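Engineer: Let me begin by handing over the structure; questions about it come next.
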Amino acid sequence: MTPFGERLAGVFATLGQLCVGIDPHDYLLDAWGLPRSAAGVREFGLRVVDAAAGRVGILKPQAAFFELYGAAGFSALEEVLTAARAAGLLVIADAKRGDIGTSAAAYGRAWLEPGSALESDAVTLTAYAGVGSLTPVFELAERAGKGAFVLSATSNPESFVLQTARASVGGESVSVAGLVAGEVSTFNRSAAHGHDRAPAAVGNIGLVLGATKNLTDYGIDRDALAASPSTPVLAPGFGFQGATFAEVRPVFGALTPSTVVAVARSVLSAGPSGLAAGIQSQAIELGDALAASR
């Protein structure tokens with residue numbers, strides 16, 4: 001099974017680093033002429049898949065908007081995930097799951113186990129119970145060629161106080177965000193040396209780091225995280241939340257080559273008729289911005 005980090009690097013090389021979110025907000029369903037229902041979010045998601053295929057390589061469905069409609073919503077999400085993966089797109093399920101022990105393991109199986117109804121290529125996770133509580137998910141990801149992105153320094157303004165709070169670890173003061181980042185990086189290095197094949201350039205377990213943040217303020221050491229294997233980054237905050245593609249390299253520094261640049265409302269607002277052109281335009285714009293900042 002090809003490791004997730006290797007597959008991610010392959011997508012970057014062929015289709016670029018843009019990731020399109022599938023976020024069927026009520027106002028977008030209305031604007032698209034779709035009902036606020038499971039049928040509506042299903043149709044919304046499938047249209048995004050069709051528009052994205054061949055133009056970008058990564059999709060990020062937001063599970064919350066599907067969960068809103070209960071069992072029927074999950075059924076709709078299953079169809080969207082299946083269609084996206086069948087179209088050759090790398091799928092990051094934005095589910096933000098996290099727990100301990102067998103519960104964490106079950107979340108991992110739900111989203112990452114091959115053959116699962118919700119099978120995705122990667123899933124977002126929360127580490128409030130400690131990064132170590134997510135070990136069963138990380139280990140499943142390693143076995144199955146999957147990935148995960150753990151929330152570290154998120155794009156919302158409410159995150160600052162909690163994520164910059166300091167803890168003493170081995171006599172050293174570190175931020176909560178930095179602690180999460182460091183433990184994820186340590187897992188990647190350990191996993192890279194735990195098998196026979198040559199270490200990949202990009203690890204399988206990544207971080208969610210908001211593009212609207214000064215990562216230094218959050219205690220994030222970008223250079224350390226970029227050491228082999230580089231920690232992959234899922235970067236929300238572009239477009240609607242204010243970050244621009246010109247800011248990718250200034251914000252992420254050495255992590256730029258392993259950063260997934262996520263957009264959603266800024267392209268989804270174009271509506272179904274303008275969606276494909278909007279995705280194509282933003283993919284080109286991002287590629288140009290990254291090339292110009294080298």
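FYI, nothing fancy with the structure tokens labels: chains A, B, ... in order, residues from 1 per chain, ligands from 1 as they appear.
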Could you pull the residues within 12 Å of Pro257 (chain A), counting only C-alpha atoms, minus those fewer than 6 positions along the same chain, as a list in words?
Structural biologist: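 Residues near the query, excluding close chain neighbours: Gly5, Leu8, Ala9, Gly10, Val11, Phe12, Ala13, Gly16, Gln17, Leu18, Ala201, Val202, Arg222, Leu225, Ala226, Ala227, Pro229, Ser230, Thr231, Pro232, Val233, Leu234, Val248, Arg249, Gly287, Leu290, Ala291, Ser293 and Arg294 of chain A.
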Engineer: Print the selection's residues with C-alpha atoms to a file, as a PDB file, in the first residue's frame.
Structural biologist:
```pdb
ATOM      1  CA  GLY A   5       2.510  11.091   2.335  1.00  0.00           C
ATOM      2  CA  LEU A   8       0.058  13.436  -1.351  1.00  0.00           C
ATOM      3  CA  ALA A   9       3.433  14.396  -2.828  1.00  0.00           C
ATOM      4  CA  GLY A  10       2.375  12.760  -6.101  1.00  0.00           C
ATOM      5  CA  VAL A  11      -0.788  14.848  -6.244  1.00  0.00           C
ATOM      6  CA  PHE A  12       1.213  18.019  -5.564  1.00  0.00           C
ATOM      7  CA  ALA A  13       3.550  17.169  -8.436  1.00  0.00           C
ATOM      8  CA  GLY A  16      -0.820  21.189  -7.458  1.00  0.00           C
ATOM      9  CA  GLN A  17      -1.528  21.921  -3.813  1.00  0.00           C
ATOM     10  CA  LEU A  18      -5.063  23.318  -3.948  1.00  0.00           C
ATOM     11  CA  ALA A 201       9.885  12.906   1.889  1.00  0.00           C
ATOM     12  CA  VAL A 202       6.474  13.635   3.445  1.00  0.00           C
ATOM     13  CA  ARG A 222       8.397  25.353  11.015  1.00  0.00           C
ATOM     14  CA  LEU A 225       8.583  20.197  11.326  1.00  0.00           C
ATOM     15  CA  ALA A 226      10.027  20.343   7.805  1.00  0.00           C
ATOM     16  CA  ALA A 227      12.914  18.011   8.712  1.00  0.00           C
ATOM     17  CA  PRO A 229      10.076  13.363   6.772  1.00  0.00           C
ATOM     18  CA  SER A 230       8.337  16.717   6.416  1.00  0.00           C
ATOM     19  CA  THR A 231       5.101  17.019   8.363  1.00  0.00           C
ATOM     20  CA  PRO A 232       2.173  17.534   5.982  1.00  0.00           C
ATOM     21  CA  VAL A 233       0.000  20.555   6.710  1.00  0.00           C
ATOM     22  CA  LEU A 234      -3.681  21.145   6.059  1.00  0.00           C
ATOM     23  CA  VAL A 248       1.515  30.734   1.746  1.00  0.00           C
ATOM     24  CA  ARG A 249       5.314  30.844   1.813  1.00  0.00           C
ATOM     25  CA  GLY A 287       0.617  27.664  -8.687  1.00  0.00           C
ATOM     26  CA  LEU A 290       4.079  29.536  -5.193  1.00  0.00           C
ATOM     27  CA  ALA A 291       6.353  29.781  -8.233  1.00  0.00           C
ATOM     28  CA  SER A 293       7.759  33.146  -4.076  1.00  0.00           C
ATOM     29  CA  ARG A 294      10.494  30.549  -4.562  1.00  0.00           C
TER      30      ARG A 294
END
```
Engineer: List the spatial neighbours of region 238-246 of chain A as a PyMOL selection string - criterion: any atom at most 8 Å away, only C-alpha atoms, same-chain residues fewer than 4 positions off excluded.
Structural biologist: chain A and resi 211-212+250+261-266+285-286+289-290+293
Engineer: Give me a file of those residues, with N, CA and C atoms, as a short mmCIF file (atom, residue, chain, number, x, y, z; two decimals), in the first residue's frame.
Structural biologist:
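out37.cif, freshly written:
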```cif
data_model
loop_
_atom_site.label_atom_id
_atom_site.label_comp_id
_atom_site.auth_asym_id
_atom_site.auth_seq_id
_atom_site.Cartn_x
_atom_site.Cartn_y
_atom_site.Cartn_z
N ALA A 211 -3.87 29.44 8.05
CA ALA A 211 -3.12 30.39 7.23
C ALA A 211 -3.24 31.81 7.73
N THR A 212 -4.19 32.06 8.63
CA THR A 212 -4.39 33.42 9.14
C THR A 212 -3.56 33.67 10.40
N PRO A 250 5.28 32.96 3.13
CA PRO A 250 5.60 33.71 4.35
C PRO A 250 5.05 33.06 5.62
N VAL A 261 -3.33 23.55 0.53
CA VAL A 261 -3.95 24.88 0.59
C VAL A 261 -5.45 24.73 0.36
N ALA A 262 -6.23 24.92 1.41
CA ALA A 262 -7.67 24.62 1.36
C ALA A 262 -8.50 25.87 1.11
N VAL A 263 -9.40 25.78 0.16
CA VAL A 263 -10.39 26.83 -0.10
C VAL A 263 -11.77 26.17 -0.13
N ALA A 264 -12.79 26.95 0.14
CA ALA A 264 -14.15 26.41 0.09
C ALA A 264 -15.11 27.47 -0.41
N ARG A 265 -15.56 28.34 0.50
CA ARG A 265 -16.60 29.29 0.12
C ARG A 265 -16.18 30.22 -1.01
N SER A 266 -14.89 30.51 -1.11
CA SER A 266 -14.43 31.42 -2.16
C SER A 266 -14.63 30.86 -3.55
N GLU A 285 -3.84 30.26 -10.06
CA GLU A 285 -3.38 31.38 -9.24
C GLU A 285 -2.46 30.91 -8.12
N LEU A 286 -2.80 29.79 -7.47
CA LEU A 286 -1.96 29.26 -6.41
C LEU A 286 -0.61 28.82 -6.96
N ALA A 289 1.49 31.82 -7.62
CA ALA A 289 1.96 32.45 -6.38
C ALA A 289 3.11 31.67 -5.75
N LEU A 290 3.01 30.35 -5.76
CA LEU A 290 4.08 29.54 -5.19
C LEU A 290 5.35 29.65 -6.03
N SER A 293 7.18 32.94 -5.41
CA SER A 293 7.76 33.15 -4.08
C SER A 293 8.96 32.24 -3.80
#
```
Engineer: I'd like the neighbourhood of region 44-57 of chain A as a compact mmCIF listing (two decimals) with N, CA and C atoms, in the first residue's frame, where a residue qualifies if any of its atoms comes within 10 Å (using only C-alpha atoms), though same-chain residues fewer than 3 positions away should be ignored.
Structural biologist:
```
# COMPACT_ATOMS: atom_id res chain seq x y z
N LEU A 8 0.28 11.99 -1.42
CA LEU A 8 0.06 13.44 -1.35
C LEU A 8 1.11 14.17 -2.18
N GLY A 10 2.67 13.02 -4.70
CA GLY A 10 2.37 12.76 -6.10
C GLY A 10 1.30 13.67 -6.65
N VAL A 11 0.27 13.92 -5.84
CA VAL A 11 -0.79 14.85 -6.24
C VAL A 11 -0.23 16.26 -6.41
N PHE A 12 0.60 16.69 -5.47
CA PHE A 12 1.21 18.02 -5.56
C PHE A 12 1.98 18.17 -6.88
N ALA A 13 2.70 17.11 -7.25
CA ALA A 13 3.55 17.17 -8.44
C ALA A 13 2.75 17.21 -9.73
N THR A 14 1.55 16.63 -9.72
CA THR A 14 0.77 16.54 -10.95
C THR A 14 -0.35 17.56 -11.04
N LEU A 15 -1.02 17.84 -9.93
CA LEU A 15 -2.20 18.71 -9.96
C LEU A 15 -2.11 19.90 -9.01
N GLY A 16 -0.99 20.04 -8.32
CA GLY A 16 -0.82 21.19 -7.46
C GLY A 16 -1.32 20.97 -6.04
N GLN A 17 -1.28 22.02 -5.25
CA GLN A 17 -1.53 21.92 -3.81
C GLN A 17 -2.89 22.43 -3.37
N LEU A 18 -3.75 22.81 -4.32
CA LEU A 18 -5.06 23.32 -3.95
C LEU A 18 -5.99 22.18 -3.53
N CYS A 19 -6.72 22.43 -2.48
CA CYS A 19 -7.75 21.50 -1.96
C CYS A 19 -9.07 22.25 -1.92
N VAL A 20 -10.12 21.64 -2.46
CA VAL A 20 -11.44 22.27 -2.48
C VAL A 20 -12.32 21.64 -1.40
N GLY A 21 -12.86 22.47 -0.54
CA GLY A 21 -13.76 21.99 0.49
C GLY A 21 -15.17 21.79 -0.04
N ILE A 22 -15.83 20.78 0.49
CA ILE A 22 -17.25 20.56 0.20
C ILE A 22 -18.01 20.95 1.45
N ASP A 23 -18.46 22.20 1.48
CA ASP A 23 -19.11 22.79 2.66
C ASP A 23 -20.49 23.31 2.26
N PRO A 24 -21.50 22.45 2.24
CA PRO A 24 -22.84 22.90 1.80
C PRO A 24 -23.59 23.68 2.87
N LEU A 28 -25.51 28.50 0.73
CA LEU A 28 -25.01 28.01 -0.55
C LEU A 28 -26.01 27.06 -1.20
N LEU A 29 -26.65 26.22 -0.40
CA LEU A 29 -27.70 25.37 -0.96
C LEU A 29 -28.79 26.23 -1.59
N TRP A 32 -27.59 27.75 -4.82
CA TRP A 32 -27.45 26.74 -5.87
C TRP A 32 -28.80 26.16 -6.31
N GLY A 33 -29.88 26.60 -5.64
CA GLY A 33 -31.20 26.09 -5.98
C GLY A 33 -31.43 24.67 -5.50
N LEU A 34 -30.78 24.30 -4.40
CA LEU A 34 -30.90 22.95 -3.86
C LEU A 34 -31.64 22.98 -2.53
N PRO A 35 -32.36 21.92 -2.20
CA PRO A 35 -33.08 21.89 -0.93
C PRO A 35 -32.15 21.74 0.27
N ALA A 38 -30.89 16.11 2.97
CA ALA A 38 -29.85 15.14 2.60
C ALA A 38 -29.70 15.06 1.09
N ALA A 39 -30.81 15.13 0.39
CA ALA A 39 -30.74 15.10 -1.07
C ALA A 39 -30.00 16.32 -1.60
N GLY A 40 -30.19 17.46 -0.95
CA GLY A 40 -29.53 18.68 -1.38
C GLY A 40 -28.02 18.62 -1.19
N VAL A 41 -27.56 18.15 0.00
CA VAL A 41 -26.12 18.10 0.24
C VAL A 41 -25.47 17.01 -0.62
N PRO A 61 -14.41 17.13 2.19
CA PRO A 61 -15.81 17.26 2.63
C PRO A 61 -15.90 17.56 4.12
N PHE A 66 -23.22 17.26 6.57
CA PHE A 66 -23.93 16.04 6.20
C PHE A 66 -24.58 15.41 7.44
N ALA A 76 -25.67 10.24 2.23
CA ALA A 76 -25.26 11.17 1.18
C ALA A 76 -23.75 11.36 1.18
N LEU A 77 -23.17 11.48 2.38
CA LEU A 77 -21.72 11.64 2.48
C LEU A 77 -20.99 10.41 1.95
N GLU A 79 -21.91 8.50 -0.43
CA GLU A 79 -21.94 8.58 -1.89
C GLU A 79 -20.92 9.58 -2.41
N VAL A 80 -20.80 10.71 -1.74
CA VAL A 80 -19.86 11.74 -2.17
C VAL A 80 -18.42 11.23 -2.01
N LEU A 81 -18.12 10.60 -0.88
CA LEU A 81 -16.78 10.07 -0.66
C LEU A 81 -16.42 9.02 -1.71
N THR A 82 -17.37 8.13 -1.97
CA THR A 82 -17.13 7.07 -2.95
C THR A 82 -16.91 7.65 -4.34
N ALA A 83 -17.72 8.63 -4.72
CA ALA A 83 -17.59 9.25 -6.03
C ALA A 83 -16.25 9.98 -6.16
N ALA A 84 -15.84 10.66 -5.11
CA ALA A 84 -14.59 11.41 -5.15
C ALA A 84 -13.40 10.48 -5.31
N ARG A 85 -13.37 9.41 -4.54
CA ARG A 85 -12.25 8.49 -4.62
C ARG A 85 -12.26 7.74 -5.95
N ALA A 86 -13.45 7.43 -6.47
CA ALA A 86 -13.55 6.79 -7.78
C ALA A 86 -13.03 7.70 -8.88
N ALA A 87 -13.14 9.01 -8.69
CA ALA A 87 -12.66 9.98 -9.67
C ALA A 87 -11.16 10.24 -9.56
N GLY A 88 -10.51 9.52 -8.64
CA GLY A 88 -9.07 9.66 -8.48
C GLY A 88 -8.64 10.80 -7.59
N LEU A 89 -9.59 11.39 -6.87
CA LEU A 89 -9.28 12.51 -5.98
C LEU A 89 -8.84 11.99 -4.61
N LEU A 90 -7.89 12.67 -4.01
CA LEU A 90 -7.48 12.37 -2.65
C LEU A 90 -8.48 13.04 -1.70
N VAL A 91 -9.06 12.28 -0.79
CA VAL A 91 -10.16 12.79 0.02
C VAL A 91 -9.73 12.90 1.48
N VAL A 267 -14.67 29.52 -3.69
CA VAL A 267 -14.98 28.93 -4.99
C VAL A 267 -16.42 28.45 -5.06
N LEU A 268 -16.96 27.97 -3.95
CA LEU A 268 -18.33 27.46 -3.94
C LEU A 268 -19.35 28.56 -4.22
N GLY A 271 -21.23 29.25 -7.59
CA GLY A 271 -22.41 28.53 -8.04
C GLY A 271 -22.05 27.40 -8.97
N PRO A 272 -23.01 26.52 -9.23
CA PRO A 272 -22.70 25.35 -10.06
C PRO A 272 -22.23 25.69 -11.47
N SER A 273 -22.72 26.79 -12.04
CA SER A 273 -22.33 27.14 -13.41
C SER A 273 -20.91 27.67 -13.49
N GLY A 274 -20.43 28.31 -12.40
CA GLY A 274 -19.10 28.89 -12.42
C GLY A 274 -18.07 28.13 -11.62
N LEU A 275 -18.48 26.98 -11.05
CA LEU A 275 -17.62 26.26 -10.12
C LEU A 275 -16.36 25.73 -10.79
N ALA A 276 -16.50 25.03 -11.90
CA ALA A 276 -15.33 24.43 -12.56
C ALA A 276 -14.32 25.50 -12.95
N ALA A 277 -14.80 26.59 -13.54
CA ALA A 277 -13.90 27.67 -13.94
C ALA A 277 -13.24 28.31 -12.72
N GLY A 278 -13.99 28.45 -11.63
CA GLY A 278 -13.43 29.02 -10.42
C GLY A 278 -12.34 28.16 -9.82
N ILE A 279 -12.56 26.84 -9.81
CA ILE A 279 -11.55 25.92 -9.30
C ILE A 279 -10.29 26.00 -10.16
N GLN A 280 -10.48 25.95 -11.46
CA GLN A 280 -9.33 26.02 -12.37
C GLN A 280 -8.55 27.31 -12.18
N SER A 281 -9.27 28.42 -12.06
CA SER A 281 -8.63 29.72 -11.90
C SER A 281 -7.82 29.78 -10.61
N GLN A 282 -8.39 29.27 -9.50
CA GLN A 282 -7.67 29.34 -8.24
C GLN A 282 -6.48 28.39 -8.22
N ALA A 283 -6.60 27.24 -8.89
CA ALA A 283 -5.46 26.32 -8.97
C ALA A 283 -4.29 26.97 -9.70
N ILE A 284 -4.59 27.67 -10.79
CA ILE A 284 -3.55 28.36 -11.54
C ILE A 284 -2.96 29.50 -10.72
```
Engineer: Among region 153-224 of chain A, which ones does DSSP place in strand (DSSP E), written as a PyMOL selection string?
Structural biologist: chain A and resi 153+166-169+172-175+205-209
Engineer: Using N, CA and C atoms, can you write the selected residues to a file as an mmCIF file, in the first residue's frame?
Structural biologist:
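What ended up in out-v4.cif:
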```cif
data_model
loop_
_atom_site.group_PDB
_atom_site.id
_atom_site.type_symbol
_atom_site.label_atom_id
_atom_site.label_comp_id
_atom_site.auth_asym_id
_atom_site.auth_seq_id
_atom_site.Cartn_x
_atom_site.Cartn_y
_atom_site.Cartn_z
ATOM 1 N N ALA A 153 -2.694 24.638 15.392
ATOM 2 C CA ALA A 153 -2.923 26.087 15.465
ATOM 3 C C ALA A 153 -4.011 26.414 14.454
ATOM 4 N N ARG A 166 0.935 27.589 27.920
ATOM 5 C CA ARG A 166 2.234 26.943 28.052
ATOM 6 C C ARG A 166 2.175 25.756 29.009
ATOM 7 N N ALA A 167 2.973 24.763 28.710
ATOM 8 C CA ALA A 167 3.121 23.595 29.568
ATOM 9 C C ALA A 167 4.608 23.321 29.730
ATOM 10 N N SER A 168 4.971 22.716 30.841
ATOM 11 C CA SER A 168 6.361 22.352 31.074
ATOM 12 C C SER A 168 6.550 20.893 30.684
ATOM 13 N N VAL A 169 7.405 20.658 29.711
ATOM 14 C CA VAL A 169 7.667 19.301 29.234
ATOM 15 C C VAL A 169 9.171 19.052 29.311
ATOM 16 N N GLU A 172 11.168 22.083 29.866
ATOM 17 C CA GLU A 172 11.106 23.116 28.830
ATOM 18 C C GLU A 172 9.675 23.612 28.685
ATOM 19 N N SER A 173 9.496 24.927 28.526
ATOM 20 C CA SER A 173 8.171 25.515 28.347
ATOM 21 C C SER A 173 7.785 25.452 26.875
ATOM 22 N N VAL A 174 6.645 24.821 26.596
ATOM 23 C CA VAL A 174 6.171 24.714 25.208
ATOM 24 C C VAL A 174 4.695 25.100 25.171
ATOM 25 N N SER A 175 4.255 25.609 24.021
ATOM 26 C CA SER A 175 2.838 25.912 23.858
ATOM 27 C C SER A 175 2.067 24.631 23.597
ATOM 28 N N ILE A 205 1.200 11.551 8.912
ATOM 29 C CA ILE A 205 0.382 12.229 9.922
ATOM 30 C C ILE A 205 0.753 13.705 9.918
ATOM 31 N N GLY A 206 -0.246 14.550 9.726
ATOM 32 C CA GLY A 206 0.007 15.969 9.581
ATOM 33 C C GLY A 206 -0.677 16.823 10.621
ATOM 34 N N LEU A 207 -0.654 18.108 10.372
ATOM 35 C CA LEU A 207 -1.201 19.100 11.297
ATOM 36 C C LEU A 207 -2.151 20.028 10.568
ATOM 37 N N VAL A 208 -3.137 20.534 11.281
ATOM 38 C CA VAL A 208 -3.967 21.627 10.798
ATOM 39 C C VAL A 208 -3.374 22.913 11.356
ATOM 40 N N LEU A 209 -2.878 23.759 10.449
ATOM 41 C CA LEU A 209 -2.278 25.040 10.822
ATOM 42 C C LEU A 209 -2.952 26.132 10.006
#
```
Engineer: Going by DSSP on the backbone, which residues of region 47-230 of chain A come out as helix (DSSP H, G or I)? List them as number ranges by chain.
Structural biologist: A: 47-52, 64-67, 70-86, 101-112, 131-144, 157-163, 176-192, 222-226
Engineer: Those same residues - C-alpha atoms - I'd like them written as a CSV table (one decimal), in the first residue's frame.
Structural biologist:
```
chain,number,residue,atom,x,y,z
A,47,ARG,CA,-21.4,18.5,-8.3
A,48,VAL,CA,-18.2,19.6,-6.6
A,49,VAL,CA,-16.6,16.2,-7.3
A,50,ASP,CA,-17.5,16.6,-11.0
A,51,ALA,CA,-16.1,20.1,-11.2
A,52,ALA,CA,-12.9,19.3,-9.3
A,64,ALA,CA,-20.9,18.4,9.9
A,65,PHE,CA,-23.0,19.6,7.0
A,66,PHE,CA,-23.9,16.0,6.2
A,67,GLU,CA,-24.4,14.9,9.8
A,70,GLY,CA,-28.9,12.3,10.3
A,71,ALA,CA,-28.7,8.8,8.8
A,72,ALA,CA,-29.8,10.2,5.4
A,73,GLY,CA,-27.0,12.8,5.6
A,74,PHE,CA,-24.4,10.1,6.3
A,75,SER,CA,-25.7,8.1,3.4
A,76,ALA,CA,-25.3,11.2,1.2
A,77,LEU,CA,-21.7,11.6,2.5
A,78,GLU,CA,-20.9,8.0,1.7
A,79,GLU,CA,-21.9,8.6,-1.9
A,80,VAL,CA,-19.9,11.7,-2.2
A,81,LEU,CA,-16.8,10.1,-0.7
A,82,THR,CA,-17.1,7.1,-3.0
A,83,ALA,CA,-17.6,9.3,-6.0
A,84,ALA,CA,-14.6,11.4,-5.2
A,85,ARG,CA,-12.3,8.5,-4.6
A,86,ALA,CA,-13.5,6.8,-7.8
A,101,GLY,CA,-8.7,3.7,23.6
A,102,THR,CA,-11.1,1.6,21.7
A,103,SER,CA,-13.3,4.6,20.9
A,104,ALA,CA,-10.4,6.3,19.1
A,105,ALA,CA,-9.7,3.1,17.3
A,106,ALA,CA,-13.3,2.9,16.2
A,107,TYR,CA,-13.2,6.4,14.8
A,108,GLY,CA,-10.1,5.4,12.8
A,109,ARG,CA,-11.8,2.3,11.4
A,110,ALA,CA,-14.9,4.3,10.5
A,111,TRP,CA,-12.9,6.9,8.4
A,112,LEU,CA,-9.7,5.1,7.3
A,131,VAL,CA,-1.8,13.1,21.0
A,132,GLY,CA,-1.0,9.7,22.4
A,133,SER,CA,-4.7,8.9,22.6
A,134,LEU,CA,-4.7,9.0,18.8
A,135,THR,CA,-2.1,6.4,18.4
A,136,PRO,CA,-4.6,3.7,17.3
A,137,VAL,CA,-5.7,6.0,14.4
A,138,PHE,CA,-2.1,6.8,13.5
A,139,GLU,CA,-1.2,3.1,13.5
A,140,LEU,CA,-4.1,2.2,11.3
A,141,ALA,CA,-3.2,5.0,8.9
A,142,GLU,CA,0.3,3.6,8.6
A,143,ARG,CA,-0.9,0.1,7.9
A,144,ALA,CA,-3.6,1.1,5.4
A,157,PRO,CA,-9.7,33.6,16.6
A,158,GLU,CA,-11.0,31.8,19.6
A,159,SER,CA,-8.1,29.4,19.5
A,160,PHE,CA,-5.4,31.7,20.6
A,161,VAL,CA,-5.6,31.5,24.4
A,162,LEU,CA,-5.9,27.7,24.6
A,163,GLN,CA,-3.5,26.9,21.9
A,176,VAL,CA,-0.1,23.5,23.5
A,177,ALA,CA,0.0,24.0,19.7
A,178,GLY,CA,3.8,23.4,19.7
A,179,LEU,CA,3.4,20.3,21.9
A,180,VAL,CA,0.9,18.8,19.5
A,181,ALA,CA,3.1,19.6,16.5
A,182,GLY,CA,6.2,18.2,18.1
A,183,GLU,CA,4.5,14.9,19.1
A,184,VAL,CA,3.1,14.4,15.6
A,185,SER,CA,6.5,15.1,14.1
A,186,THR,CA,8.1,12.6,16.5
A,187,PHE,CA,5.5,9.9,15.5
A,188,ASN,CA,6.3,10.5,11.8
A,189,ARG,CA,10.1,10.1,12.4
A,190,SER,CA,9.6,7.0,14.4
A,191,ALA,CA,7.2,5.5,11.8
A,192,ALA,CA,9.7,6.4,9.0
A,222,ARG,CA,8.4,25.4,11.0
A,223,ASP,CA,12.0,24.3,10.3
A,224,ALA,CA,11.9,21.5,12.8
A,225,LEU,CA,8.6,20.2,11.3
A,226,ALA,CA,10.0,20.3,7.8
```
Engineer: From the list A:Gly115, A:Gly253, A:Gly98, A:Gly237, which residue is nearest Ile220 (chain A) when using only C-alpha atoms?
Structural biologist: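 Selected residue with least distance to Ile220 (chain A): A:Gly253.
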